[in-house]
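Enquirer: CSV, C-alpha atoms and all ligand atoms, saved as query.csv, coming up:
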chain,number,residue,atom,x,y,z
A,28,MET,CA,-33.1,21.2,-30.6
A,29,LYS,CA,-32.9,21.2,-34.4
A,30,THR,CA,-30.1,21.7,-36.9
A,31,LYS,CA,-29.6,21.1,-40.6
A,32,VAL,CA,-26.5,18.9,-40.1
A,33,ALA,CA,-25.3,17.2,-36.9
A,34,ILE,CA,-21.7,16.0,-36.8
A,35,ILE,CA,-20.5,13.4,-34.3
A,36,GLY,CA,-16.8,13.9,-33.5
A,37,SER,CA,-14.7,17.0,-33.5
A,38,GLY,CA,-11.4,15.4,-34.7
A,39,PRO,CA,-9.9,16.5,-38.0
A,40,ALA,CA,-12.7,14.9,-40.0
A,41,GLY,CA,-15.6,16.4,-38.0
A,42,SER,CA,-14.2,19.9,-37.7
A,43,SER,CA,-13.3,20.0,-41.4
A,44,ALA,CA,-16.9,19.0,-42.2
A,45,ALA,CA,-18.2,21.8,-39.9
A,46,ILE,CA,-15.9,24.3,-41.5
A,47,ALA,CA,-17.1,23.3,-45.0
A,48,LEU,CA,-20.7,23.6,-43.9
A,49,SER,CA,-20.3,26.9,-42.1
A,50,LYS,CA,-18.5,28.4,-45.1
A,51,LYS,CA,-21.6,27.5,-47.2
A,52,GLY,CA,-23.8,29.1,-44.5
A,53,ILE,CA,-25.5,25.8,-43.4
A,54,PRO,CA,-26.4,25.6,-39.7
A,55,ASN,CA,-24.5,22.7,-38.1
A,56,ILE,CA,-23.7,21.3,-34.7
A,57,LEU,CA,-20.5,19.5,-33.7
A,58,ILE,CA,-20.7,17.2,-30.8
A,59,ASP,CA,-17.7,15.6,-29.1
A,60,LYS,CA,-17.5,13.5,-25.9
A,61,ARG,CA,-14.1,15.1,-25.1
A,62,ARG,CA,-14.3,17.9,-22.7
A,63,THR,CA,-11.2,19.5,-24.2
A,64,ILE,CA,-11.1,19.0,-28.0
A,65,GLY,CA,-7.7,17.4,-28.9
A,66,LEU,CA,-7.0,15.8,-25.6
A,67,PRO,CA,-5.8,13.1,-25.0
A,68,VAL,CA,-3.5,13.0,-28.0
A,69,GLN,CA,-3.6,9.5,-29.5
A,70,CYS,CA,-1.3,10.1,-32.5
A,71,ALA,CA,2.4,10.1,-33.7
A,72,GLU,CA,1.5,13.5,-35.2
A,73,PHE,CA,3.2,13.4,-38.6
A,74,VAL,CA,1.4,14.7,-41.6
A,75,SER,CA,2.8,15.2,-45.1
A,76,SER,CA,3.2,18.6,-46.6
A,77,GLY,CA,0.3,17.9,-48.8
A,78,ILE,CA,-1.9,19.1,-45.9
A,79,SER,CA,-1.1,22.7,-47.0
A,80,SER,CA,-3.4,22.2,-50.0
A,81,TYR,CA,-6.3,21.8,-47.5
A,82,VAL,CA,-5.3,23.7,-44.4
A,83,ASP,CA,-3.6,27.1,-44.2
A,84,MET,CA,-0.7,26.0,-42.0
A,85,ASN,CA,0.5,29.6,-41.7
A,86,SER,CA,-2.6,30.4,-39.7
A,87,LEU,CA,-1.9,27.4,-37.4
A,88,LEU,CA,1.7,28.0,-36.5
A,89,SER,CA,1.4,27.0,-32.9
A,90,ALA,CA,0.0,23.7,-34.1
A,91,VAL,CA,3.3,22.9,-35.9
A,92,ASN,CA,5.9,21.4,-33.6
A,93,GLN,CA,8.6,21.0,-36.2
A,94,LYS,CA,9.2,20.5,-39.9
A,95,ILE,CA,10.3,17.1,-41.5
A,96,GLN,CA,12.5,16.7,-44.5
A,97,TYR,CA,13.0,12.9,-44.9
A,98,ILE,CA,11.6,9.6,-44.0
A,99,TYR,CA,14.0,6.8,-43.1
A,100,ILE,CA,13.0,3.2,-43.5
A,101,ASN,CA,15.2,0.9,-41.3
A,102,ALA,CA,14.6,-2.7,-42.4
A,103,GLY,CA,16.6,-5.9,-42.5
A,104,ASN,CA,19.9,-4.3,-41.5
A,105,LYS,CA,19.6,-1.6,-44.1
A,106,THR,CA,18.4,2.0,-43.9
A,107,TYR,CA,16.8,3.8,-46.8
A,108,LYS,CA,16.4,7.6,-47.0
A,109,HIS,CA,13.5,9.0,-48.9
A,110,ALA,CA,12.1,12.5,-49.4
A,111,GLY,CA,9.2,12.9,-47.1
A,112,SER,CA,8.5,16.5,-46.3
A,113,GLY,CA,5.9,17.3,-43.8
A,114,TYR,CA,5.1,18.5,-40.3
A,115,ILE,CA,5.1,17.1,-36.8
A,116,LEU,CA,2.0,18.6,-35.3
A,117,ASN,CA,1.0,19.5,-31.8
A,118,ARG,CA,-2.2,17.4,-32.4
A,119,ASP,CA,-3.9,18.8,-29.3
A,120,ILE,CA,-3.5,22.4,-30.5
A,121,PHE,CA,-4.2,21.4,-34.2
A,122,ASP,CA,-7.5,19.7,-33.3
A,123,LEU,CA,-8.5,22.5,-31.0
A,124,ASN,CA,-7.7,25.2,-33.6
A,125,LEU,CA,-9.7,23.4,-36.3
A,126,SER,CA,-12.8,23.2,-34.0
A,127,GLU,CA,-12.3,26.9,-33.0
A,128,LYS,CA,-12.2,27.8,-36.7
A,129,ALA,CA,-15.5,26.0,-37.3
A,130,VAL,CA,-17.0,27.9,-34.4
A,131,GLN,CA,-15.7,31.3,-35.7
A,132,LEU,CA,-17.4,30.5,-39.0
A,133,GLY,CA,-20.7,29.8,-37.3
A,134,SER,CA,-20.7,26.1,-36.2
A,135,LYS,CA,-22.1,25.3,-32.7
A,136,LEU,CA,-19.8,23.0,-30.7
A,137,PHE,CA,-21.0,20.9,-27.8
A,138,ALA,CA,-17.9,19.5,-26.1
A,139,GLY,CA,-18.1,17.0,-23.2
A,140,SER,CA,-21.2,15.6,-24.9
A,141,ARG,CA,-21.5,11.9,-25.8
A,142,VAL,CA,-23.9,10.8,-28.5
A,143,TYR,CA,-25.2,7.5,-27.3
A,144,LYS,CA,-28.0,6.8,-29.7
A,145,ILE,CA,-29.2,7.5,-33.3
A,146,ASP,CA,-32.9,7.3,-33.9
A,147,ARG,CA,-33.1,6.9,-37.7
A,148,GLN,CA,-36.9,7.0,-37.8
A,149,LYS,CA,-37.0,10.4,-36.2
A,150,ASN,CA,-33.7,11.7,-37.6
A,151,CYS,CA,-32.5,12.5,-34.1
A,152,ILE,CA,-29.5,11.8,-32.0
A,153,GLU,CA,-29.6,11.4,-28.2
A,154,VAL,CA,-26.8,13.2,-26.4
A,155,LEU,CA,-25.5,13.0,-22.8
A,156,ASP,CA,-23.9,16.1,-21.4
A,157,VAL,CA,-21.1,14.3,-19.5
A,158,LEU,CA,-20.6,17.0,-16.9
A,159,GLU,CA,-24.1,18.1,-16.2
A,160,LYS,CA,-25.5,14.6,-16.6
A,161,ILE,CA,-28.4,15.8,-18.7
A,162,VAL,CA,-29.7,14.2,-21.9
A,163,TYR,CA,-31.1,16.0,-24.8
A,164,GLU,CA,-32.1,15.4,-28.5
A,165,ILE,CA,-30.8,17.0,-31.6
A,166,TYR,CA,-32.9,16.7,-34.8
A,167,TYR,CA,-31.1,16.8,-38.1
A,168,ASP,CA,-31.7,16.7,-41.8
A,169,TYR,CA,-28.2,15.1,-42.4
A,170,LEU,CA,-25.9,13.4,-40.0
A,171,ILE,CA,-22.1,13.2,-40.4
A,172,ILE,CA,-20.4,10.5,-38.4
A,173,ALA,CA,-16.7,11.4,-37.8
A,174,ALA,CA,-16.4,9.5,-34.5
A,175,GLY,CA,-13.0,7.9,-35.2
A,176,PRO,CA,-12.0,4.2,-35.3
A,177,ASN,CA,-14.1,1.4,-33.9
A,178,ASN,CA,-16.8,3.8,-32.7
A,179,ILE,CA,-20.2,2.8,-31.3
A,180,PHE,CA,-22.0,3.5,-34.5
A,181,LYS,CA,-20.0,1.1,-36.6
A,182,SER,CA,-23.1,-1.2,-37.2
A,183,TYR,CA,-24.4,1.6,-39.4
A,184,ASN,CA,-21.6,1.2,-42.0
A,185,SER,CA,-20.2,-2.2,-42.6
A,186,HIS,CA,-16.7,-2.3,-41.1
A,187,GLY,CA,-13.7,-4.4,-41.7
A,188,GLU,CA,-12.4,-5.7,-38.4
A,189,SER,CA,-8.7,-5.4,-38.8
A,190,TYR,CA,-7.0,-2.8,-36.6
A,191,ILE,CA,-3.4,-1.9,-35.8
A,192,TYR,CA,-3.1,-1.7,-32.1
A,193,ALA,CA,-0.7,1.1,-31.3
A,194,LEU,CA,1.2,1.9,-28.1
A,195,GLN,CA,3.4,5.0,-27.9
A,196,ILE,CA,5.5,6.9,-25.4
A,197,LYS,CA,6.8,10.5,-25.5
A,198,THR,CA,10.4,10.6,-24.3
A,199,GLU,CA,13.5,12.7,-24.4
A,200,LEU,CA,15.3,12.9,-27.8
A,201,LEU,CA,19.0,13.0,-27.5
A,202,ARG,CA,19.8,14.1,-31.0
A,203,LYS,CA,18.2,16.7,-33.2
A,204,LEU,CA,16.3,15.0,-36.1
A,205,ASP,CA,14.7,16.5,-39.2
A,206,SER,CA,13.3,13.1,-40.3
A,207,VAL,CA,10.8,10.5,-39.3
A,208,PHE,CA,12.1,6.9,-38.9
A,209,CYS,CA,10.1,3.7,-39.4
A,210,TYR,CA,11.7,0.4,-38.2
A,211,PHE,CA,10.7,-3.1,-39.4
A,212,ARG,CA,11.7,-5.8,-37.0
A,213,ASN,CA,10.7,-9.5,-36.6
A,214,TYR,CA,9.7,-8.7,-33.0
A,215,ILE,CA,7.1,-6.2,-34.4
A,216,PRO,CA,5.1,-8.6,-36.6
A,217,TYR,CA,2.4,-7.3,-38.9
A,218,GLY,CA,3.5,-3.7,-38.2
A,219,TYR,CA,6.4,-1.4,-37.5
A,220,GLY,CA,8.0,0.8,-34.9
A,221,TRP,CA,8.5,4.6,-35.3
A,222,ILE,CA,10.4,7.5,-33.8
A,223,PHE,CA,9.0,10.8,-34.8
A,224,PRO,CA,10.9,13.9,-33.4
A,225,LYS,CA,9.3,16.8,-31.5
A,226,VAL,CA,12.4,19.1,-31.2
A,227,ASN,CA,13.8,17.9,-27.8
A,228,TYR,CA,11.3,15.0,-27.5
A,229,ALA,CA,10.2,12.1,-29.6
A,230,ASN,CA,7.1,10.0,-30.1
A,231,VAL,CA,8.3,6.4,-30.0
A,232,GLY,CA,5.7,3.8,-30.8
A,233,ILE,CA,4.9,0.4,-32.2
A,234,GLY,CA,1.8,-0.7,-34.0
A,235,VAL,CA,0.9,-4.3,-34.8
A,236,GLU,CA,-2.2,-5.8,-36.4
A,237,LYS,CA,-4.3,-7.9,-34.2
A,238,PRO,CA,-5.5,-10.7,-34.1
A,239,VAL,CA,-2.9,-11.9,-36.6
A,240,SER,CA,-0.1,-10.8,-34.3
A,241,ASP,CA,-0.3,-11.9,-30.7
A,242,VAL,CA,2.6,-9.9,-29.3
A,243,ASN,CA,2.4,-8.2,-25.9
A,244,LEU,CA,2.3,-4.5,-26.9
A,245,SER,CA,4.1,-3.3,-23.7
A,246,ALA,CA,6.9,-5.8,-24.1
A,247,CYS,CA,7.3,-5.1,-27.8
A,248,LEU,CA,7.5,-1.3,-27.2
A,249,LYS,CA,10.0,-1.8,-24.4
A,250,LYS,CA,12.2,-3.9,-26.7
A,251,PHE,CA,12.0,-1.2,-29.4
A,252,ALA,CA,12.7,1.6,-27.0
A,253,ASP,CA,15.7,-0.3,-25.7
A,254,GLU,CA,17.0,-0.6,-29.2
A,255,LEU,CA,16.7,3.2,-29.7
A,256,LYS,CA,18.3,3.8,-26.4
A,257,SER,CA,21.3,1.6,-27.3
A,258,GLU,CA,21.6,3.7,-30.5
A,259,GLY,CA,21.9,6.8,-28.3
A,260,LEU,CA,18.7,8.3,-29.8
A,261,ILE,CA,16.4,8.5,-26.8
A,262,GLY,CA,16.6,8.8,-23.0
A,263,SER,CA,14.9,6.6,-20.4
A,264,GLU,CA,12.2,8.9,-19.0
A,265,VAL,CA,8.7,8.2,-20.1
A,266,ILE,CA,6.9,11.6,-20.2
A,267,GLU,CA,3.6,10.4,-21.6
A,268,LYS,CA,2.0,7.2,-22.8
A,269,THR,CA,-0.8,6.7,-25.2
A,270,SER,CA,-2.5,4.0,-27.2
A,271,GLY,CA,-5.1,3.7,-29.9
A,272,LEU,CA,-6.5,1.8,-32.8
A,273,VAL,CA,-5.9,2.3,-36.5
A,274,PRO,CA,-8.3,0.7,-39.0
A,275,VAL,CA,-6.4,-1.2,-41.8
A,276,SER,CA,-9.2,-3.0,-43.7
A,277,GLY,CA,-9.7,-0.3,-46.2
A,278,LEU,CA,-12.9,1.7,-47.0
A,279,ASN,CA,-16.1,1.1,-45.0
A,280,ASP,CA,-19.5,2.0,-46.3
A,281,LEU,CA,-19.4,5.8,-46.9
A,282,ILE,CA,-23.1,6.6,-46.8
A,283,SER,CA,-26.4,5.2,-45.5
A,284,GLY,CA,-29.5,7.2,-46.4
A,285,ASN,CA,-29.0,10.7,-45.0
A,286,ILE,CA,-25.9,9.6,-42.9
A,287,VAL,CA,-22.3,10.2,-44.2
A,288,PHE,CA,-19.1,8.7,-42.7
A,289,CYS,CA,-15.7,10.3,-42.9
A,290,GLY,CA,-12.2,10.0,-41.5
A,291,ASP,CA,-11.4,6.9,-39.5
A,292,ALA,CA,-15.1,6.1,-39.2
A,293,ALA,CA,-15.0,5.6,-42.9
A,294,GLY,CA,-11.9,3.4,-42.7
A,295,LEU,CA,-9.8,6.1,-44.3
A,296,THR,CA,-6.4,5.4,-42.7
A,297,HIS,CA,-3.8,4.0,-45.2
A,298,PRO,CA,-3.8,0.2,-44.8
A,299,VAL,CA,0.0,0.0,-44.8
A,300,THR,CA,1.3,3.2,-43.2
A,301,GLY,CA,-1.7,3.9,-40.9
A,302,ALA,CA,-1.6,7.6,-41.8
A,303,GLY,CA,-5.1,9.2,-41.5
A,304,ILE,CA,-4.9,12.8,-40.5
A,305,LEU,CA,-4.9,14.2,-44.1
A,306,ASN,CA,-7.5,11.7,-45.3
A,307,ALA,CA,-9.7,12.7,-42.4
A,308,ILE,CA,-9.4,16.4,-43.5
A,309,ILE,CA,-10.1,15.6,-47.1
A,310,SER,CA,-13.1,13.4,-46.4
A,311,GLY,CA,-14.5,15.6,-43.7
A,312,SER,CA,-14.3,18.7,-46.0
A,313,LEU,CA,-16.1,16.7,-48.8
A,314,ALA,CA,-18.7,15.3,-46.4
A,315,GLY,CA,-19.5,18.9,-45.3
A,316,ASP,CA,-19.6,20.1,-48.9
A,317,TYR,CA,-22.0,17.5,-50.1
A,318,ALA,CA,-24.2,17.7,-47.0
A,319,ALA,CA,-24.4,21.5,-47.6
A,320,ASP,CA,-25.3,21.1,-51.2
A,321,SER,CA,-27.9,18.5,-50.2
A,322,VAL,CA,-29.5,20.9,-47.7
A,323,LYS,CA,-29.4,23.8,-50.1
A,324,ALA,CA,-31.1,21.8,-53.0
A,325,SER,CA,-33.4,19.8,-50.7
A,326,LYS,CA,-32.0,16.8,-52.6
A,327,ASN,CA,-29.7,14.1,-51.3
A,328,PHE,CA,-26.3,14.3,-53.1
A,329,LEU,CA,-24.4,12.0,-50.7
A,330,ASN,CA,-24.0,9.4,-53.4
A,331,ASP,CA,-21.7,12.0,-55.2
A,332,TYR,CA,-19.6,12.1,-51.9
A,333,LYS,CA,-19.3,8.3,-52.1
A,334,GLU,CA,-18.2,8.4,-55.7
A,335,GLU,CA,-15.7,11.1,-55.1
A,336,ILE,CA,-14.1,9.4,-52.1
A,337,GLU,CA,-13.9,6.1,-54.0
A,338,SER,CA,-12.3,7.8,-56.9
A,339,ILE,CA,-9.6,9.3,-54.7
A,340,PHE,CA,-9.0,6.3,-52.3
A,341,LYS,CA,-10.5,3.0,-53.5
A,342,LYS,CA,-7.8,1.8,-55.9
A,343,SER,CA,-4.8,2.8,-53.8
A,344,PHE,CA,-6.4,1.3,-50.6
A,345,LEU,CA,-7.2,-2.0,-52.4
A,346,THR,CA,-3.5,-2.2,-53.5
A,347,ALA,CA,-2.4,-1.4,-50.0
A,348,CYS,CA,-4.7,-4.0,-48.4
A,349,GLU,CA,-3.5,-6.6,-50.9
A,350,LYS,CA,0.1,-5.9,-50.1
A,351,ARG,CA,-0.5,-5.9,-46.4
A,352,TYR,CA,-2.1,-9.3,-46.4
A,353,ARG,CA,0.3,-10.9,-48.9
A,354,LEU,CA,3.6,-9.5,-47.8
A,355,TYR,CA,3.5,-9.2,-44.0
A,356,PRO,CA,3.3,-13.0,-43.5
A,357,LEU,CA,6.5,-13.2,-45.5
A,358,MET,CA,8.3,-10.7,-43.3
A,359,ASN,CA,8.8,-12.8,-40.1
A,360,ASP,CA,12.6,-12.8,-40.3
A,361,GLU,CA,15.4,-10.5,-41.4
A,362,TYR,CA,15.6,-12.1,-44.9
A,363,GLY,CA,11.8,-11.8,-45.4
A,364,ILE,CA,11.9,-8.2,-44.3
A,365,SER,CA,14.7,-7.1,-46.6
A,366,LYS,CA,13.3,-9.0,-49.5
A,367,ASN,CA,9.8,-7.6,-49.2
A,368,ILE,CA,10.1,-4.1,-47.7
A,369,LYS,CA,10.4,-2.3,-51.1
A,370,LEU,CA,7.2,-4.0,-52.3
A,371,LEU,CA,5.3,-3.1,-49.0
A,372,TRP,CA,6.1,0.5,-48.2
A,373,PRO,CA,4.8,3.2,-50.5
A,374,SER,CA,7.8,5.5,-50.5
A,375,PHE,CA,9.7,2.9,-52.6
A,376,GLU,CA,9.4,3.0,-56.4
A,377,GLU,CA,9.0,-0.8,-56.4
A,378,TYR,CA,5.7,-0.5,-54.5
A,379,TYR,CA,4.1,0.8,-57.6
A,380,VAL,CA,5.5,-1.8,-60.1
A,401,LIG,C1,-1.0,5.8,-31.9
A,401,LIG,C2,-1.5,6.4,-33.2
A,401,LIG,C3,-0.6,7.1,-34.0
A,401,LIG,C4,-1.0,7.7,-35.2
A,401,LIG,N1,-0.1,8.5,-35.9
A,401,LIG,C5,-0.5,9.1,-37.0
A,401,LIG,C6,0.4,9.9,-37.7
A,401,LIG,O1,1.6,10.1,-37.3
A,401,LIG,N2,0.0,10.5,-38.9
A,401,LIG,C7,-1.3,10.3,-39.3
A,401,LIG,O2,-1.7,10.8,-40.4
A,401,LIG,N3,-2.2,9.5,-38.7
A,401,LIG,C8,-1.8,8.9,-37.5
A,401,LIG,N4,-2.7,8.2,-36.8
A,401,LIG,C9,-4.1,8.1,-37.3
A,401,LIG,C10,-4.9,9.5,-37.0
A,401,LIG,O3,-4.7,9.8,-35.6
A,401,LIG,C11,-6.3,9.3,-37.4
A,401,LIG,O4,-6.4,8.9,-38.7
A,401,LIG,C12,-7.1,10.6,-37.2
A,401,LIG,O5,-7.1,11.1,-35.9
A,401,LIG,C13,-8.5,10.5,-37.7
A,401,LIG,O6,-9.3,11.6,-37.5
A,401,LIG,P1,-10.9,11.5,-37.3
A,401,LIG,O7,-11.3,12.9,-37.1
A,401,LIG,O8,-11.5,10.6,-38.3
A,401,LIG,O9,-11.0,10.7,-35.9
A,401,LIG,P2,-10.5,11.1,-34.4
A,401,LIG,O10,-9.3,12.0,-34.5
A,401,LIG,O11,-10.4,9.8,-33.7
A,401,LIG,O12,-11.7,12.0,-33.8
A,401,LIG,C14,-12.9,11.4,-33.5
A,401,LIG,C15,-13.6,12.2,-32.4
A,401,LIG,O13,-14.9,11.6,-32.2
A,401,LIG,C16,-15.2,11.7,-30.8
A,401,LIG,N5,-16.3,10.7,-30.6
A,401,LIG,C17,-16.2,9.4,-30.7
A,401,LIG,N6,-17.3,8.8,-30.3
A,401,LIG,C18,-18.2,9.8,-30.0
A,401,LIG,C19,-19.5,9.8,-29.4
A,401,LIG,N7,-20.2,8.7,-29.3
A,401,LIG,N8,-20.0,11.0,-29.1
A,401,LIG,C20,-19.3,12.2,-29.3
A,401,LIG,N9,-18.1,12.2,-29.7
A,401,LIG,C21,-17.5,11.0,-30.1
A,401,LIG,C22,-13.9,11.5,-30.2
A,401,LIG,O14,-13.9,12.0,-28.9
A,401,LIG,C23,-12.9,12.2,-31.1
A,401,LIG,O15,-12.6,13.5,-30.7
A,401,LIG,C24,-2.4,7.6,-35.6
A,401,LIG,C25,-3.3,6.8,-34.8
A,401,LIG,C26,-2.9,6.3,-33.6
A,401,LIG,C27,-3.8,5.5,-32.8
Here is a file; write its structure as structure tokens.
Ligand SMILES: Cc1cc2nc3c(=O)[nH]c(=O)nc-3n(C[C@H](O)[C@H](O)[C@H](O)COP(=O)(O)OP(=O)(O)OC[C@H]3O[C@@H](n4cnc5c(N)ncnc54)[C@H](O)[C@@H]3O)c2cc1C
Expert:
Amino acid sequence: MKTKVAIIGSGPAGSSAAIALSKKGIPNILIDKRRTIGLPVQCAEFVSSGISSYVDMNSLLSAVNQKIQYIYINAGNKTYKHAGSGYILNRDIFDLNLSEKAVQLGSKLFAGSRVYKIDRQKNCIEVLDVLEKIVYEIYYDYLIIAAGPNNIFKSYNSHGESYIYALQIKTELLRKLDSVFCYFRNYIPYGYGWIFPKVNYANVGIGVEKPVSDVNLSACLKKFADELKSEGLIGSEVIEKTSGLVPVSGLNDLISGNIVFCGDAAGLTHPVTGAGILNAIISGSLAGDYAADSVKASKNFLNDYKEEIESIFKKSFLTACEKRYRLYPLMNDEYGISKNIKLLWPSFEEYYV
């Protein structure tokens, strides 16, 4: 089959690209290996209120689990409270709603379909329908790769190889919270622990950069959860467990010929915080816009996408990478953590000095 723009991945980046394309009337096909878009959830689900500039959150009410007012940073025996308004999402519903919106606007969605090969000579992707076990080809004018972190197409855009390895449980929350909490501990090296509330539940996780850190993730998460239990914050029952990778090397190549990369596939997670949902939406929307303009004008405008993404993210990501690599090695004990936290974490004014 043929389409103007094929999009690999129907996470926030890919669905945002499809929405942008369909709004401009450009035929597009979204392909995702997941049979149900949004599942499994591999996310702590916090997004800043800045998302409202890009997504009408009032139309996605069931995708919002609860609102957040503050972010607490617990580091070196001190706790800092910062303004940090945002939402805890139901990521499964959020991702599904975005893909449904794309379909309502005219995108075609093939779920349960794994793209296993790109033929760049023929401008064609080869797809396996996972359920039916049939393979088919989709020919495209432009291809958007929104396939998440460490995807099988990473050889097409040079990738940094540093990832946060994250492990998270969903558990019972014993106190109502209107804030997200990040914990810096010497037993969570090159990373941090978090507790993000979901009304009566909480996402509790740790993420550490590998290979620089060689901690055992399960043991590290257990120790962190035990600490939260001793504070009376969470119960013992593990309701769900998830894991995933977060790229922290900064921007990858953003375009290659008629291929454009967005979201985690473009390395657009913040190199210190690991936040990537909003950046996936911003970059996906822009990727869709520039691909649409290119189709309409029969002229490749993807370099403008690259320039716009770089103007938004490059400087701040370079700063964040530099801080990550300079400061984390100094934060291996309580003294190092308390001395450096304000320089490392972007909600402190000192970060920007
Ligand atoms: C444990 C964890 C916690 C996190 N917590 C937060 C948080 O609280 N806040 C935040 O902002 N960010 C968080 N992130 C990061 C955030 O989840 C990502 O930045 C975001 O999901 C990126 O969106 P995306 O659309 O680029 O990629 P994804 O959401 O990963 O979507 C990629 C899609 O591509 C599909 N795909 C991949 N390969 C193929 C293929 N070959 N064929 C077809 N389909 C394919 C996948 O099935 C998937 O649906 C977290 C990440 C992890 C791992």
Enquirer: May I have the residues within 7 Å of range 329-346 of chain A as JSON, numbers by chain, using only C-alpha atoms and disregarding those fewer than 6 positions away in the same chain?
Expert: {"A": [277, 281, 282, 297, 298, 313, 314, 317, 318]}
Enquirer: Give one line per residue of range 256-342 of chain A that approaches range 46-52 of chain A to at most 12 Å, naming the two atoms of the closest pair and their distance in Å to one decimal, counting all atoms listed in the file; sort by chain then ascending residue number and deliver it as CSV.
Expert:
residue,atom,partner,partner_atom,distance
A:Ile308,CA,A:Ile46,CA,10.4
A:Ile309,CA,A:Ala47,CA,10.6
A:Ser310,CA,A:Ala47,CA,10.8
A:Gly311,CA,A:Ala47,CA,8.2
A:Ser312,CA,A:Ala47,CA,5.5
A:Leu313,CA,A:Ala47,CA,7.7
A:Ala314,CA,A:Ala47,CA,8.3
A:Gly315,CA,A:Ala47,CA,5.0
A:Asp316,CA,A:Ala47,CA,5.6
A:Tyr317,CA,A:Leu48,CA,8.8
A:Ala318,CA,A:Leu48,CA,7.5
A:Ala319,CA,A:Leu48,CA,5.6
A:Asp320,CA,A:Lys51,CA,8.4
A:Ser321,CA,A:Leu48,CA,10.8
A:Val322,CA,A:Leu48,CA,10.0
A:Lys323,CA,A:Lys51,CA,9.1
Enquirer: Pick from A:Ala71, A:Cys247, A:Leu200, A:Ala174: nearest to Gly262 in chain A, with all atoms listed in the file counted?
Expert: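 Using all atoms listed in the file, Gly262 in chain A sits closest to A:Leu200.
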Enquirer: Using all atoms listed in the file, tabulate the residues of chain A lying at most 7 Å from any atom of ligand LIG 401 (chain A), each with its closest atom pair and that distance in Å to one decimal, by chain and increasing residue number, as CSV.
Expert:
residue,atom,partner,partner_atom,distance
A:Ile35,CA,A:LIG401,C20,5.3
A:Gly36,CA,A:LIG401,O13,3.3
A:Ser37,CA,A:LIG401,O15,4.9
A:Gly38,CA,A:LIG401,O7,3.5
A:Pro39,CA,A:LIG401,O7,4.0
A:Ala40,CA,A:LIG401,O7,3.8
A:Gly41,CA,A:LIG401,O7,5.6
A:Ile58,CA,A:LIG401,C20,5.4
A:Asp59,CA,A:LIG401,N9,3.5
A:Lys60,CA,A:LIG401,N9,4.1
A:Arg61,CA,A:LIG401,O14,4.9
A:Ile64,CA,A:LIG401,O15,6.3
A:Gly65,CA,A:LIG401,O15,6.5
A:Gln69,CA,A:LIG401,C1,5.1
A:Cys70,CA,A:LIG401,C3,3.4
A:Ala71,CA,A:LIG401,O1,3.7
A:Glu72,CA,A:LIG401,O1,4.0
A:Phe73,CA,A:LIG401,O1,3.9
A:Val74,CA,A:LIG401,O2,5.1
A:Ser140,CA,A:LIG401,C20,5.9
A:Arg141,CA,A:LIG401,N8,3.7
A:Val142,CA,A:LIG401,N8,4.0
A:Tyr143,CA,A:LIG401,N7,5.5
A:Ala173,CA,A:LIG401,O8,5.3
A:Ala174,CA,A:LIG401,O13,3.5
A:Gly175,CA,A:LIG401,O9,3.5
A:Pro176,CA,A:LIG401,O11,6.0
A:Asn178,CA,A:LIG401,N6,5.6
A:Ile179,CA,A:LIG401,N7,6.2
A:Ala193,CA,A:LIG401,C1,4.7
A:Leu194,CA,A:LIG401,C1,5.9
A:Gln195,CA,A:LIG401,C1,6.0
A:Thr269,CA,A:LIG401,C1,6.8
A:Ser270,CA,A:LIG401,C1,5.3
A:Gly271,CA,A:LIG401,C27,3.7
A:Leu272,CA,A:LIG401,C27,4.6
A:Val273,CA,A:LIG401,C27,5.3
A:Cys289,CA,A:LIG401,O8,6.2
A:Gly290,CA,A:LIG401,O8,3.3
A:Asp291,CA,A:LIG401,O8,3.9
A:Ala292,CA,A:LIG401,O8,5.8
A:Thr296,CA,A:LIG401,O4,5.3
A:Gly301,CA,A:LIG401,N4,6.0
A:Ala302,CA,A:LIG401,O2,3.5
A:Gly303,CA,A:LIG401,O4,3.1
A:Ile304,CA,A:LIG401,O2,3.8
A:Leu305,CA,A:LIG401,O2,6.0
A:Ala307,CA,A:LIG401,O8,4.9
Enquirer: Quick one: distance from CA of Gly77 in chain A to CA of Leu116 in chain A in Å, one decimal?
Expert: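 So the answer is 13.6 Å.
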Enquirer: Which distance in Å separates CA of Asp156 in chain A and CA of Arg62 in chain A, to one decimal?
Expert: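 Separating CA of Asp156 in chain A from CA of Arg62 in chain A is a distance of 9.9 Å.
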Enquirer: Residues within 8 Å of Gly294 in chain A, please, as a ChimeraX atom specification. Count all atoms listed in the file; anything in the same chain fewer than 6 positions from it doesn't count.
Expert: /A:176,186,274-279
Enquirer: Tell me which protein, DNA and RNA residues are within 12 Å of Val231 in chain A, counting all atoms listed in the file, leaving out same-chain ones fewer than 6 positions away, and put them as a PyMOL selection string.
Expert: chain A and resi 70-72+193-200+207-210+219-225+247-256+260-270
Enquirer: Could you check which of A:Gly363, A:Gly111, A:Gly234, A:Gly139 is closest to Ile215 in chain A, using all atoms listed in the file?
Expert: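 Result for the nearest residue to Ile215 in chain A: A:Gly234.
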Enquirer: Given only C-alpha atoms as the basis, pick out the residue of A:Ala129, A:Met28, A:Lys105, A:Tyr355 nearest to Cys151 in chain A.
Expert: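 Of A:Ala129, A:Met28, A:Lys105, A:Tyr355, the one nearest Cys151 in chain A is A:Met28, counting only C-alpha atoms.
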Enquirer: Could you tell me how far CA of Lys181 in chain A sits from CA of Ala293 in chain A, in Å to one decimal place?
Expert: 9.2 Å
